[in-house]
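Everything below concerns the one structure shown next.
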Amino acid sequence: MPSLLLDPTVVYLILIVGVWLGITAMYIPSTGIAEALALVVLGGAVFALAQLPVNWISVMLLIVGMFGFVIAPLFNRKHSRWSWMALVVQGVASVFLYRGMVPNPFVIAVMLGLAFAYNHYLLLPMLDYLRDTPLVGDESTDLPGATGRVVGAVNPPESGTAQINGELWTIRSSVPLQRGDVVRVQAVNGLELHVERMKAKLPPREANGHHAEEAAEIIEN
């Protein structure tokens, strides 16, 4: 192996790049490219680390720190404590990565700064964009305004069931609903629909949940 690949700082850089390729692969829709690159780079880093007096506990800390960045998007972005904790863990693990030697401190500082900037200003905004962009043909975009019939009574705050667009949905309402009541979807919350009661009964041909504008004979409350 070329002597350059035995340099502690170079091997450290390869390891950090591999870790962040793995984080990126977890953030973005799977294409296989990021995953494959992460495996190749991390595999090379582990092989190089085996040739050096490495502290494997620090390697494990780097992996643990990586999961701090991974779980950060599960929480409110304004509360970035997980990212900061992960950054601290990554910094400590970087300093104690080897026994009897330390990667270039300037390189460690730069990599920590790049890691935070990459996560905060690129990966998180990209994740927000993917969350906010509706999928083509996403059924939830067609549900608001759709009408249907209650098949399982609603007694707030408990949920019920309604047939809407030919499917059974869990529904919630601010008022009690009885079996057979006609409802219109106001909002979609995950796998639950928030509905409002409508006065008239749906004719059989409307029971599968056509939009309200297609059922002009229905009189709203």
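Letters for chains follow the order of the structure tokens (A, B, ...), residue numbers begin at 1 for each chain, and ligand numbers begin at 1 in the order shown.
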Give the alpha helix (DSSP H) residues of region 33-186 of chain A, as assigned by DSSP on the backbone, as an NGL selection string.
-> :A and (33-49 or 56-71 or 81-95 or 105-118 or 124-132)
Taking the backbone alone, and naming residues the way the document does, which bits of region 143-179 of chain A are strand (DSSP E or B) by DSSP, as a PyMOL selection string?
-> chain A and resi 146-152+154+160-164+167-172+177
Please provide the set of residues having any atom within 10 Å of region 42-54 of chain A, restricted to only C-alpha atoms, with same-chain residues fewer than 2 positions apart removed, written as a VMD selection string.
-> chain A and resid 1 5 to 8 10 to 22 36 to 40 56 to 59 96 to 101
Write out as a list in words which residues come within 7 Å of Gly152 (chain A) when counting only C-alpha atoms, dropping same-chain ones fewer than 6 positions away.
-> Gly160, Thr161, Ala162 and Arg179 of chain A
Write out the residues from the selection above, keeping N, CA, C and O atoms, as a compact mmCIF listing (two decimals), in the first residue's frame.
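Saved to out04.txt:
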```
# COMPACT_ATOMS: atom_id res chain seq x y z
N GLY A 160 -63.63 7.26 13.63
CA GLY A 160 -64.57 6.36 13.00
C GLY A 160 -64.06 5.94 11.64
O GLY A 160 -62.87 6.07 11.36
N THR A 161 -64.97 5.46 10.81
CA THR A 161 -64.59 4.97 9.48
C THR A 161 -65.58 5.47 8.45
O THR A 161 -66.77 5.58 8.72
N ALA A 162 -65.05 5.78 7.26
CA ALA A 162 -65.92 6.20 6.16
C ALA A 162 -65.38 5.63 4.86
O ALA A 162 -64.18 5.38 4.72
N ARG A 179 -73.57 6.12 11.37
CA ARG A 179 -73.47 5.31 10.17
C ARG A 179 -74.47 5.81 9.12
O ARG A 179 -75.65 6.01 9.43
```
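Within 8 Å of Val195 (chain A), once only C-alpha atoms are used and residues closer than 5 positions along the same chain are dropped, the contacting residues are Ile171, Arg172, Ser173, Val183, Arg184, Val185, Gln186 and Ala187 of chain A.
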Store the residues of this selection in a file with N, CA, C and O atoms, as a PDB file, in the first residue's frame.
```pdb
ATOM      1  N   ILE A 171     -61.524   8.318  10.056  1.00  0.00           N
ATOM      2  CA  ILE A 171     -61.946   9.720  10.022  1.00  0.00           C
ATOM      3  C   ILE A 171     -62.111  10.268  11.435  1.00  0.00           C
ATOM      4  O   ILE A 171     -62.353   9.530  12.388  1.00  0.00           O
ATOM      5  N   ARG A 172     -61.962  11.580  11.535  1.00  0.00           N
ATOM      6  CA  ARG A 172     -62.232  12.310  12.778  1.00  0.00           C
ATOM      7  C   ARG A 172     -63.111  13.504  12.457  1.00  0.00           C
ATOM      8  O   ARG A 172     -63.032  14.061  11.364  1.00  0.00           O
ATOM      9  N   SER A 173     -63.908  13.875  13.425  1.00  0.00           N
ATOM     10  CA  SER A 173     -64.830  14.988  13.231  1.00  0.00           C
ATOM     11  C   SER A 173     -65.001  15.723  14.558  1.00  0.00           C
ATOM     12  O   SER A 173     -64.818  15.137  15.632  1.00  0.00           O
ATOM     13  N   VAL A 183     -70.282  12.806   4.519  1.00  0.00           N
ATOM     14  CA  VAL A 183     -69.215  13.678   5.002  1.00  0.00           C
ATOM     15  C   VAL A 183     -68.362  14.166   3.828  1.00  0.00           C
ATOM     16  O   VAL A 183     -68.331  13.543   2.764  1.00  0.00           O
ATOM     17  N   ARG A 184     -67.688  15.279   4.060  1.00  0.00           N
ATOM     18  CA  ARG A 184     -66.742  15.812   3.086  1.00  0.00           C
ATOM     19  C   ARG A 184     -65.386  15.998   3.766  1.00  0.00           C
ATOM     20  O   ARG A 184     -65.317  16.441   4.907  1.00  0.00           O
ATOM     21  N   VAL A 185     -64.319  15.647   3.065  1.00  0.00           N
ATOM     22  CA  VAL A 185     -62.973  15.718   3.624  1.00  0.00           C
ATOM     23  C   VAL A 185     -62.528  17.173   3.689  1.00  0.00           C
ATOM     24  O   VAL A 185     -62.559  17.903   2.701  1.00  0.00           O
ATOM     25  N   GLN A 186     -62.102  17.579   4.873  1.00  0.00           N
ATOM     26  CA  GLN A 186     -61.554  18.924   5.059  1.00  0.00           C
ATOM     27  C   GLN A 186     -60.040  18.943   4.989  1.00  0.00           C
ATOM     28  O   GLN A 186     -59.431  19.864   4.448  1.00  0.00           O
ATOM     29  N   ALA A 187     -59.405  17.918   5.570  1.00  0.00           N
ATOM     30  CA  ALA A 187     -57.934  17.894   5.607  1.00  0.00           C
ATOM     31  C   ALA A 187     -57.475  16.456   5.756  1.00  0.00           C
ATOM     32  O   ALA A 187     -58.213  15.577   6.206  1.00  0.00           O
TER      33      ALA A 187
END
```
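Taking CA of Gly91 (chain A) and CA of Ala25 (chain A) as the two end points, the separation is 21.9 Å.
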Could you please determine the separation between CA of Gly148 (chain A) and CA of Met198 (chain A) in Å, to one decimal place?
->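 Between CA of Gly148 (chain A) and CA of Met198 (chain A) the gap is 9.8 Å.
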